[in-house]
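K.L.:
File follows, entry39.cif with mmCIF, C-alpha atoms (C1' of nucleotides):
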data_coords
loop_
_atom_site.group_PDB
_atom_site.id
_atom_site.type_symbol
_atom_site.label_atom_id
_atom_site.label_comp_id
_atom_site.auth_asym_id
_atom_site.auth_seq_id
_atom_site.Cartn_x
_atom_site.Cartn_y
_atom_site.Cartn_z
ATOM 1 C CA MET A 23 41.399 44.202 89.899
ATOM 2 C CA ASN A 24 43.588 41.910 87.821
ATOM 3 C CA LEU A 25 46.864 43.606 86.965
ATOM 4 C CA ASP A 26 47.305 41.455 83.875
ATOM 5 C CA HIS A 27 43.893 42.423 82.554
ATOM 6 C CA THR A 28 44.519 46.066 83.305
ATOM 7 C CA LEU A 29 47.885 46.216 81.552
ATOM 8 C CA ILE A 30 46.745 44.119 78.604
ATOM 9 C CA ALA A 31 43.772 46.446 78.185
ATOM 10 C CA LEU A 32 46.016 49.511 78.297
ATOM 11 C CA ALA A 33 48.600 48.056 75.916
ATOM 12 C CA ASP A 34 46.670 49.014 72.797
ATOM 13 C CA PRO A 35 46.420 52.472 71.233
ATOM 14 C CA THR A 36 42.787 52.064 70.174
ATOM 15 C CA ARG A 37 41.757 51.155 73.696
ATOM 16 C CA ARG A 38 43.756 54.015 75.178
ATOM 17 C CA ALA A 39 42.032 56.377 72.745
ATOM 18 C CA ILE A 40 38.672 55.023 73.850
ATOM 19 C CA LEU A 41 39.595 55.624 77.478
ATOM 20 C CA GLN A 42 40.841 59.097 76.611
ATOM 21 C CA ARG A 43 37.474 59.842 75.077
ATOM 22 C CA LEU A 44 35.611 58.365 78.040
ATOM 23 C CA SER A 45 37.682 60.324 80.521
ATOM 24 C CA ARG A 46 35.778 63.365 79.278
ATOM 25 C CA GLY A 47 32.377 61.823 79.915
ATOM 26 C CA GLU A 48 30.212 58.834 79.161
ATOM 27 C CA ALA A 49 29.448 57.725 75.609
ATOM 28 C CA ARG A 50 27.638 55.017 73.658
ATOM 29 C CA VAL A 51 29.388 52.390 71.551
ATOM 30 C CA THR A 52 28.531 54.080 68.263
ATOM 31 C CA GLU A 53 29.822 57.406 69.519
ATOM 32 C CA LEU A 54 33.052 55.776 70.587
ATOM 33 C CA ALA A 55 33.421 54.022 67.252
ATOM 34 C CA ALA A 56 32.887 57.152 65.141
ATOM 35 C CA PRO A 57 36.474 58.508 65.185
ATOM 36 C CA PHE A 58 37.968 55.171 64.171
ATOM 37 C CA ASP A 59 37.632 53.598 60.770
ATOM 38 C CA ILE A 60 37.372 50.107 62.164
ATOM 39 C CA SER A 61 34.072 48.270 62.390
ATOM 40 C CA LEU A 62 31.610 48.656 65.231
ATOM 41 C CA ASN A 63 32.274 45.033 65.951
ATOM 42 C CA SER A 64 35.943 45.629 66.627
ATOM 43 C CA VAL A 65 35.125 48.538 68.907
ATOM 44 C CA SER A 66 32.698 46.323 70.768
ATOM 45 C CA LYS A 67 35.455 43.762 71.295
ATOM 46 C CA HIS A 68 37.860 46.400 72.566
ATOM 47 C CA ILE A 69 35.196 47.558 74.980
ATOM 48 C CA ARG A 70 34.759 44.030 76.255
ATOM 49 C CA ILE A 71 38.474 43.862 77.006
ATOM 50 C CA LEU A 72 38.241 47.206 78.805
ATOM 51 C CA GLU A 73 35.258 45.905 80.755
ATOM 52 C CA ARG A 74 37.157 42.766 81.723
ATOM 53 C CA ALA A 75 39.796 45.079 83.183
ATOM 54 C CA GLU A 76 37.031 47.053 84.915
ATOM 55 C CA LEU A 77 38.412 50.193 83.315
ATOM 56 C CA VAL A 78 35.011 50.733 81.745
ATOM 57 C CA ARG A 79 31.563 50.434 83.300
ATOM 58 C CA ARG A 80 28.381 49.882 81.301
ATOM 59 C CA ARG A 81 24.957 51.305 82.056
ATOM 60 C CA VAL A 82 22.171 49.983 79.828
ATOM 61 C CA SER A 83 19.200 52.232 79.231
ATOM 62 C CA GLY A 84 16.787 50.810 76.724
ATOM 63 C CA ARG A 85 18.727 49.919 73.617
ATOM 64 C CA GLU A 86 21.513 52.327 74.472
ATOM 65 C CA HIS A 87 24.622 51.235 76.336
ATOM 66 C CA PHE A 88 26.335 54.101 78.115
ATOM 67 C CA LEU A 89 29.967 53.564 78.962
ATOM 68 C CA THR A 90 31.906 55.347 81.673
ATOM 69 C CA PHE A 91 35.559 55.444 82.597
ATOM 70 C CA ASN A 92 36.642 53.846 85.865
ATOM 71 C CA PRO A 93 40.260 54.775 86.627
ATOM 72 C CA ALA A 94 40.451 52.649 89.796
ATOM 73 C CA PRO A 95 42.326 49.691 88.254
ATOM 74 C CA MET A 96 45.037 52.046 87.068
ATOM 75 C CA GLU A 97 45.808 52.737 90.715
ATOM 76 C CA SER A 98 47.174 49.219 91.075
ATOM 77 C CA ALA A 99 49.212 49.542 87.920
ATOM 78 C CA VAL A 100 50.693 52.868 88.976
ATOM 79 C CA GLU A 101 51.346 51.462 92.421
ATOM 80 C CA TRP A 102 53.278 48.526 90.963
ATOM 81 C CA MET A 103 55.378 50.812 88.830
ATOM 82 C CA GLU A 104 56.029 53.282 91.616
ATOM 83 C CA ARG A 105 57.100 50.431 93.864
ATOM 84 C CA HIS A 106 59.748 49.442 91.336
ATOM 85 C CA ARG A 107 60.856 52.951 90.622
ATOM 86 C CA ILE A 108 61.702 53.374 94.279
ATOM 87 C CA PHE A 109 65.188 51.966 94.030
ATOM 88 C CA TRP A 110 66.215 54.732 91.706
ATOM 89 C CA THR A 111 64.074 57.650 92.803
ATOM 90 C CA GLU A 112 65.331 56.772 96.262
ATOM 91 C CA ARG A 113 68.852 57.009 94.946
ATOM 92 C CA LEU A 114 68.067 60.318 93.288
ATOM 93 C CA ASP A 115 66.537 61.583 96.515
ATOM 94 C CA ALA A 116 69.557 60.348 98.432
ATOM 95 C CA LEU A 117 71.828 62.005 95.928
ATOM 96 C CA GLU A 118 69.956 65.261 96.191
ATOM 97 C CA ALA A 119 70.012 65.055 99.973
ATOM 98 C CA ALA A 120 73.730 64.353 99.854
ATOM 99 C CA LEU A 121 74.320 67.361 97.636
ATOM 100 C CA ARG A 122 72.375 69.568 100.011
ATOM 101 C CA ALA A 123 74.330 68.154 102.941
ATOM 102 C CA GLU A 124 77.594 68.750 101.168
ATOM 103 C CA ASP A 125 76.507 72.281 100.667
ATOM 104 C CA ALA A 126 76.525 72.733 104.414
ATOM 105 C CA VAL A 127 79.669 70.818 105.316
ATOM 106 C CA ALA A 128 82.997 70.636 103.494
ATOM 107 C CA ALA A 129 82.638 68.759 100.197
ATOM 108 C CA ALA A 130 86.278 67.761 100.072
ATOM 109 C CA LYS A 131 86.047 65.853 103.347
ATOM 110 C CA GLU A 132 83.308 63.539 102.031
ATOM 111 C CA LYS A 133 85.191 62.788 98.837
ATOM 112 C CA SER A 134 87.430 59.998 100.139
ATOM 113 C CA THR A 135 84.572 57.782 101.422
ATOM 114 C CA HIS A 136 82.257 58.632 98.537
ATOM 115 C CA SER A 137 82.992 55.848 96.051
ATOM 116 C CA SER A 138 83.256 53.067 98.629
ATOM 117 C CA SER A 139 80.087 53.833 100.584
ATOM 118 C CA ARG A 140 77.356 51.259 99.984
ATOM 119 C CA ARG A 141 73.910 52.320 101.120
ATOM 120 C CA SER A 142 72.022 49.394 102.663
ATOM 121 C CA LYS A 143 68.274 49.121 102.070
ATOM 122 C CA LYS A 144 65.913 49.291 105.023
ATOM 123 C CA MET B 21 60.074 54.833 74.477
ATOM 124 C CA ASN B 22 57.126 53.104 72.885
ATOM 125 C CA LEU B 23 54.152 53.030 75.239
ATOM 126 C CA ASP B 24 52.723 49.964 73.506
ATOM 127 C CA HIS B 25 55.940 48.028 73.941
ATOM 128 C CA THR B 26 56.222 49.108 77.547
ATOM 129 C CA LEU B 27 52.708 48.072 78.515
ATOM 130 C CA ILE B 28 52.821 44.841 76.529
ATOM 131 C CA ALA B 29 56.071 43.964 78.282
ATOM 132 C CA LEU B 30 54.566 44.705 81.685
ATOM 133 C CA ALA B 31 51.349 42.815 80.974
ATOM 134 C CA ASP B 32 52.812 39.442 81.856
ATOM 135 C CA PRO B 33 53.463 38.067 85.339
ATOM 136 C CA THR B 34 56.680 36.271 84.356
ATOM 137 C CA ARG B 35 58.132 39.454 82.927
ATOM 138 C CA ARG B 36 57.060 41.482 85.951
ATOM 139 C CA ALA B 37 58.750 38.901 88.180
ATOM 140 C CA ILE B 38 61.911 39.227 86.109
ATOM 141 C CA LEU B 39 61.824 42.999 86.519
ATOM 142 C CA GLN B 40 61.163 42.614 90.214
ATOM 143 C CA ARG B 41 64.292 40.473 90.482
ATOM 144 C CA LEU B 42 66.302 42.920 88.396
ATOM 145 C CA SER B 43 65.176 45.881 90.451
ATOM 146 C CA ARG B 44 67.399 44.466 93.196
ATOM 147 C CA GLY B 45 70.459 44.333 90.980
ATOM 148 C CA GLU B 46 71.824 42.969 87.731
ATOM 149 C CA ALA B 47 71.665 39.280 86.857
ATOM 150 C CA ARG B 48 72.500 36.853 84.074
ATOM 151 C CA VAL B 49 69.899 34.984 82.044
ATOM 152 C CA THR B 50 70.450 31.692 83.877
ATOM 153 C CA GLU B 51 70.113 33.395 87.245
ATOM 154 C CA LEU B 52 66.879 34.996 86.136
ATOM 155 C CA ALA B 53 65.544 31.702 84.821
ATOM 156 C CA ALA B 54 66.308 29.718 87.992
ATOM 157 C CA PRO B 55 63.130 30.565 89.981
ATOM 158 C CA PHE B 56 60.831 29.664 87.082
ATOM 159 C CA ASP B 57 60.252 26.175 85.820
ATOM 160 C CA ILE B 58 60.073 27.266 82.217
ATOM 161 C CA SER B 59 62.923 26.726 79.806
ATOM 162 C CA LEU B 60 65.883 29.045 79.467
ATOM 163 C CA ASN B 61 64.662 29.644 75.957
ATOM 164 C CA SER B 62 61.357 31.074 77.130
ATOM 165 C CA VAL B 63 63.113 33.322 79.612
ATOM 166 C CA SER B 64 65.361 34.515 76.813
ATOM 167 C CA LYS B 65 62.297 35.420 74.772
ATOM 168 C CA HIS B 66 60.723 37.300 77.661
ATOM 169 C CA ILE B 67 63.957 39.199 78.064
ATOM 170 C CA ARG B 68 63.904 40.137 74.412
ATOM 171 C CA ILE B 69 60.424 41.598 74.864
ATOM 172 C CA LEU B 70 61.666 43.518 77.906
ATOM 173 C CA GLU B 71 64.621 44.764 75.877
ATOM 174 C CA ARG B 72 62.343 45.883 73.079
ATOM 175 C CA ALA B 73 60.531 47.982 75.681
ATOM 176 C CA GLU B 74 63.913 49.240 76.917
ATOM 177 C CA LEU B 75 62.930 48.145 80.399
ATOM 178 C CA VAL B 76 66.028 45.966 80.453
ATOM 179 C CA ARG B 77 69.557 46.782 79.357
ATOM 180 C CA ARG B 78 72.151 44.185 78.417
ATOM 181 C CA ARG B 79 75.860 44.315 79.087
ATOM 182 C CA VAL B 80 77.871 41.511 77.515
ATOM 183 C CA SER B 81 81.058 40.504 79.224
ATOM 184 C CA GLY B 82 82.679 37.488 77.644
ATOM 185 C CA ARG B 83 80.075 34.779 77.434
ATOM 186 C CA GLU B 84 78.017 36.285 80.211
ATOM 187 C CA HIS B 85 75.130 38.663 79.548
ATOM 188 C CA PHE B 86 74.386 40.902 82.481
ATOM 189 C CA LEU B 87 70.938 42.430 82.544
ATOM 190 C CA THR B 88 69.939 45.572 84.381
ATOM 191 C CA PHE B 89 66.606 47.193 85.062
ATOM 192 C CA ASN B 90 65.857 50.507 83.392
ATOM 193 C CA PRO B 91 62.702 52.032 84.887
ATOM 194 C CA ALA B 92 62.663 55.039 82.562
ATOM 195 C CA PRO B 93 59.966 53.733 80.170
ATOM 196 C CA MET B 94 57.630 53.266 83.103
ATOM 197 C CA GLU B 95 57.743 57.017 83.572
ATOM 198 C CA SER B 96 55.767 57.425 80.362
ATOM 199 C CA ALA B 97 53.283 54.783 81.379
ATOM 200 C CA VAL B 98 52.740 56.333 84.790
ATOM 201 C CA GLU B 99 52.475 59.751 83.180
ATOM 202 C CA TRP B 100 49.748 58.543 80.834
ATOM 203 C CA MET B 101 47.776 57.038 83.685
ATOM 204 C CA GLU B 102 48.223 60.050 85.925
ATOM 205 C CA ARG B 103 47.024 62.281 83.116
ATOM 206 C CA HIS B 104 43.798 60.316 82.919
ATOM 207 C CA ARG B 105 43.361 60.082 86.629
ATOM 208 C CA ILE B 106 43.432 63.867 86.833
ATOM 209 C CA PHE B 107 39.723 64.311 86.365
ATOM 210 C CA TRP B 108 39.096 62.523 89.608
ATOM 211 C CA THR B 109 42.179 63.149 91.714
ATOM 212 C CA GLU B 110 41.673 66.818 90.880
ATOM 213 C CA ARG B 111 38.211 66.548 92.298
ATOM 214 C CA LEU B 112 39.593 64.913 95.430
ATOM 215 C CA ASP B 113 42.255 67.606 95.744
ATOM 216 C CA ALA B 114 39.660 70.287 95.235
ATOM 217 C CA LEU B 115 37.484 68.668 97.877
ATOM 218 C CA GLU B 116 40.338 68.502 100.331
ATOM 219 C CA ALA B 117 41.283 72.114 99.617
ATOM 220 C CA ALA B 118 37.680 73.139 100.125
ATOM 221 C CA LEU B 119 37.542 71.346 103.454
ATOM 222 C CA ARG B 120 40.704 73.101 104.615
ATOM 223 C CA ALA B 121 39.342 76.443 103.457
ATOM 224 C CA GLU B 122 36.102 75.835 105.287
ATOM 225 C CA ASP B 123 38.148 75.151 108.354
ATOM 226 C CA ALA B 124 39.454 78.721 108.251
ATOM 227 C CA VAL B 125 36.316 80.619 107.329
ATOM 228 C CA ALA B 126 32.729 80.069 108.352
ATOM 229 C CA ALA B 127 31.484 76.787 106.878
ATOM 230 C CA ALA B 128 27.895 77.884 106.916
ATOM 231 C CA LYS B 129 28.591 80.895 104.696
ATOM 232 C CA GLU B 130 30.069 78.766 101.882
ATOM 233 C CA LYS B 131 27.219 76.338 101.996
ATOM 234 C CA SER B 132 24.790 78.264 99.751
ATOM 235 C CA THR B 133 27.209 78.555 96.763
ATOM 236 C CA HIS B 134 28.700 75.117 97.295
ATOM 237 C CA SER B 135 26.505 72.948 95.099
ATOM 238 C CA SER B 136 26.259 75.408 92.190
ATOM 239 C CA SER B 137 29.958 76.224 91.852
ATOM 240 C CA ARG B 138 31.498 74.685 88.730
ATOM 241 C CA ARG B 139 35.276 74.618 88.667
ATOM 242 C CA SER B 140 36.632 75.302 85.171
ATOM 243 C CA LYS B 141 39.773 73.496 84.006
ATOM 244 C CA LYS B 142 42.927 75.461 83.267
ATOM 245 C "C1'" DG C 3 2.884 44.343 64.039
ATOM 246 C "C1'" DC C 4 6.750 46.167 61.356
ATOM 247 C "C1'" DA C 5 10.684 48.742 59.807
ATOM 248 C "C1'" DT C 6 14.608 50.977 61.831
ATOM 249 C "C1'" DT C 7 18.336 51.494 64.849
ATOM 250 C "C1'" DA C 8 21.868 49.918 68.486
ATOM 251 C "C1'" DT C 9 24.361 46.455 69.958
ATOM 252 C "C1'" DT C 10 26.085 41.878 70.364
ATOM 253 C "C1'" DA C 11 27.028 37.007 68.822
ATOM 254 C "C1'" DA C 12 29.020 33.644 65.696
ATOM 255 C "C1'" DC C 13 32.018 32.571 62.580
ATOM 256 C "C1'" DC C 14 36.501 33.195 59.656
ATOM 257 C "C1'" DT C 15 41.402 34.556 58.837
ATOM 258 C "C1'" DA C 16 46.021 36.375 59.698
ATOM 259 C "C1'" DA C 17 49.331 37.559 62.960
ATOM 260 C "C1'" DA C 18 51.426 37.489 67.467
ATOM 261 C "C1'" DT C 19 52.517 35.144 71.826
ATOM 262 C "C1'" DG C 20 54.115 31.609 75.026
ATOM 263 C "C1'" DG C 21 55.773 27.420 75.508
ATOM 264 C "C1'" DG C 22 58.633 23.423 74.048
ATOM 265 C "C1'" DT C 23 62.802 20.774 71.724
ATOM 266 C "C1'" DT C 24 66.875 20.616 69.322
ATOM 267 C "C1'" DA C 25 70.732 22.844 66.928
ATOM 268 C "C1'" DA C 26 74.184 26.490 66.582
ATOM 269 C "C1'" DT C 27 77.361 30.045 68.312
ATOM 270 C "C1'" DA C 28 80.709 32.047 71.419
ATOM 271 C "C1'" DT C 29 83.696 31.977 75.305
ATOM 272 C "C1'" DT C 30 86.326 29.963 78.887
ATOM 273 C "C1'" DG C 31 89.657 26.548 81.152
ATOM 274 C "C1'" DG C 32 92.578 23.034 80.660
ATOM 275 C "C1'" DC D 20 92.660 21.961 70.139
ATOM 276 C "C1'" DC D 21 88.916 20.168 73.106
ATOM 277 C "C1'" DA D 22 85.300 19.839 76.520
ATOM 278 C "C1'" DA D 23 82.203 22.433 79.103
ATOM 279 C "C1'" DT D 24 79.278 26.361 79.800
ATOM 280 C "C1'" DA D 25 76.155 30.463 78.526
ATOM 281 C "C1'" DT D 26 73.263 32.100 75.465
ATOM 282 C "C1'" DT D 27 70.741 32.489 71.267
ATOM 283 C "C1'" DA D 28 68.563 30.769 66.858
ATOM 284 C "C1'" DA D 29 65.413 27.836 64.297
ATOM 285 C "C1'" DC D 30 61.841 25.279 64.184
ATOM 286 C "C1'" DC D 31 57.071 23.391 65.822
ATOM 287 C "C1'" DC D 32 52.530 23.789 68.115
ATOM 288 C "C1'" DA D 33 48.512 25.660 70.771
ATOM 289 C "C1'" DT D 34 46.270 29.809 72.213
ATOM 290 C "C1'" DT D 35 45.041 34.593 71.922
ATOM 291 C "C1'" DT D 36 44.175 38.759 69.547
ATOM 292 C "C1'" DA D 37 42.648 42.082 66.101
ATOM 293 C "C1'" DG D 38 40.288 42.631 62.397
ATOM 294 C "C1'" DG D 39 36.543 41.433 59.127
ATOM 295 C "C1'" DT D 40 31.597 39.843 57.483
ATOM 296 C "C1'" DT D 41 27.216 38.328 58.315
ATOM 297 C "C1'" DA D 42 23.426 36.932 61.409
ATOM 298 C "C1'" DA D 43 20.744 37.568 65.616
ATOM 299 C "C1'" DT D 44 18.700 40.128 69.501
ATOM 300 C "C1'" DA D 45 16.498 44.101 71.666
ATOM 301 C "C1'" DA D 46 14.289 48.439 71.891
ATOM 302 C "C1'" DT D 47 12.075 52.377 69.534
ATOM 303 C "C1'" DG D 48 8.676 54.934 66.495
ATOM 304 C "C1'" DC D 49 5.057 54.626 63.649
#
Could you rewrite the structure in this file as structure tokens?

P.N.:
Amino acid sequence: MNLDHTLIALADPTRRAILQRLSRGEARVTELAAPFDISLNSVSKHIRILERAELVRRRVSGREHFLTFNPAPMESAVEWMERHRIFWTERLDALEAALRAEDAVAAAKEKSTHSSSRRSKK
Amino acid sequence: MNLDHTLIALADPTRRAILQRLSRGEARVTELAAPFDISLNSVSKHIRILERAELVRRRVSGREHFLTFNPAPMESAVEWMERHRIFWTERLDALEAALRAEDAVAAAKEKSTHSSSRRSKK
DNA sequence: GCATTATTAACCTAAATGGGTTAATATTGG
DNA sequence: CCAATATTAACCCATTTAGGTTAATAATGC
């Protein structure tokens, strides 16, 4: 659950394509490599980076390595982003709430204190 | 709005710390650099990477450069992740919905068709 | 056992990144 | 104009990454 590893792993289009493929079901390395015209070796390296991020799990059966998608680490990433979106979604929510409130009371009354009001964070 | 640039920018603890600071209000480069014991130069480079990702906006006033946080690009990143979490959050939602439904009707009745039902995606 | 197939390991190279140091530029205050 | 300040630009260096090619390992089918 290392956020760095997760984001580094996601910050590459090839790896995102691999995850996209895996999100529809498990696959072997050769199957994953087929759509790309890069070497099997490169795909293997990408997979290792995805494994380091725990975004991909490996199940070995004989000589075949089946890979599955594990979205859990993305939870942390989304959580981080959501946490830092708060300050503006909160403002949007507050704005929306204010608009609704103004709908009920007189809008003109609010106008004078509108630009000077400074919402303090809880 | 380049997903690569966004994720690359986020995949570094120093840059995330900078964003965290900026999410509480604008700051100049020297202010941002203060908490870290790396050179101003390095901070400047990190900021350039954040600017490339459009996660940070710059407003120049005289010799001072004020930086502000722009969370918009994270929307795309979150969207991508949410899209690939669907296959499992959907299952959780479906499970929850099923539990609520079973609460209303007889749970025993549902039981026979429960394991064979295969929800098709819209 | 042996050839075939699936996958990784071991190297190599080019490019990008993160850090540093030392100019260079631009603006402000006297 | 001049000194001080804020910021970037230009280099240098070590590390990482993405890609390649060519072994090496491991399992299967005969």

K.L.:
Could you tell me which residues the PyMOL selection byres ((chain A) within 8 of (chain C)) grabs in this file, written as a PyMOL selection string?

P.N.:
chain A and resi 51-52+66+85-87

K.L.:
Hey, can you check how far CA of Glu74 (chain B) sits from CA of Asp34 (chain A)?

P.N.:
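Interatomic distance, CA of Glu74 (chain B) to CA of Asp34 (chain A): 17.7 Å.
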
K.L.:
What separation in Å, quoted to one decimal, exists between CA of Glu46 (chain B) and CA of Glu71 (chain B)?

P.N.:
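For CA of Glu46 (chain B) relative to CA of Glu71 (chain B), the distance reads 14.0 Å.
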
K.L.:
Evaluate the PyMOL selection byres ((chain D) within 12 of (chain A)) here and jot the selected residues down as a list in words.

P.N.:
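Selected by the PyMOL selection byres ((chain D) within 12 of (chain A)) in this file: DT35, DT36, DA37, DG38, DG39, DT40, DT41, DT44, DA45, DA46 and DT47 of chain D.
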
K.L.:
Return as number ranges by chain the set of residues that the PyMOL selection byres ((chain A) within 9 of (chain B)) yields on the displayed structure.

P.N.:
A: 25-35, 41-42, 45-46, 93-94, 96-97, 99-100, 103-104, 106-107, 109-110

K.L.:
Just to confirm, what's the straight-line distance from CA of Ala47 (chain B) to CA of Asn22 (chain B) in Å (one decimal)?

P.N.:
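The value is 24.4 Å.
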
K.L.:
Determine the nearest neighbour of Ile69 (chain B) from the options B:Phe86, B:Arg35, B:Asp57, B:Glu51, counting all atoms listed in the file.

P.N.:
B:Arg35
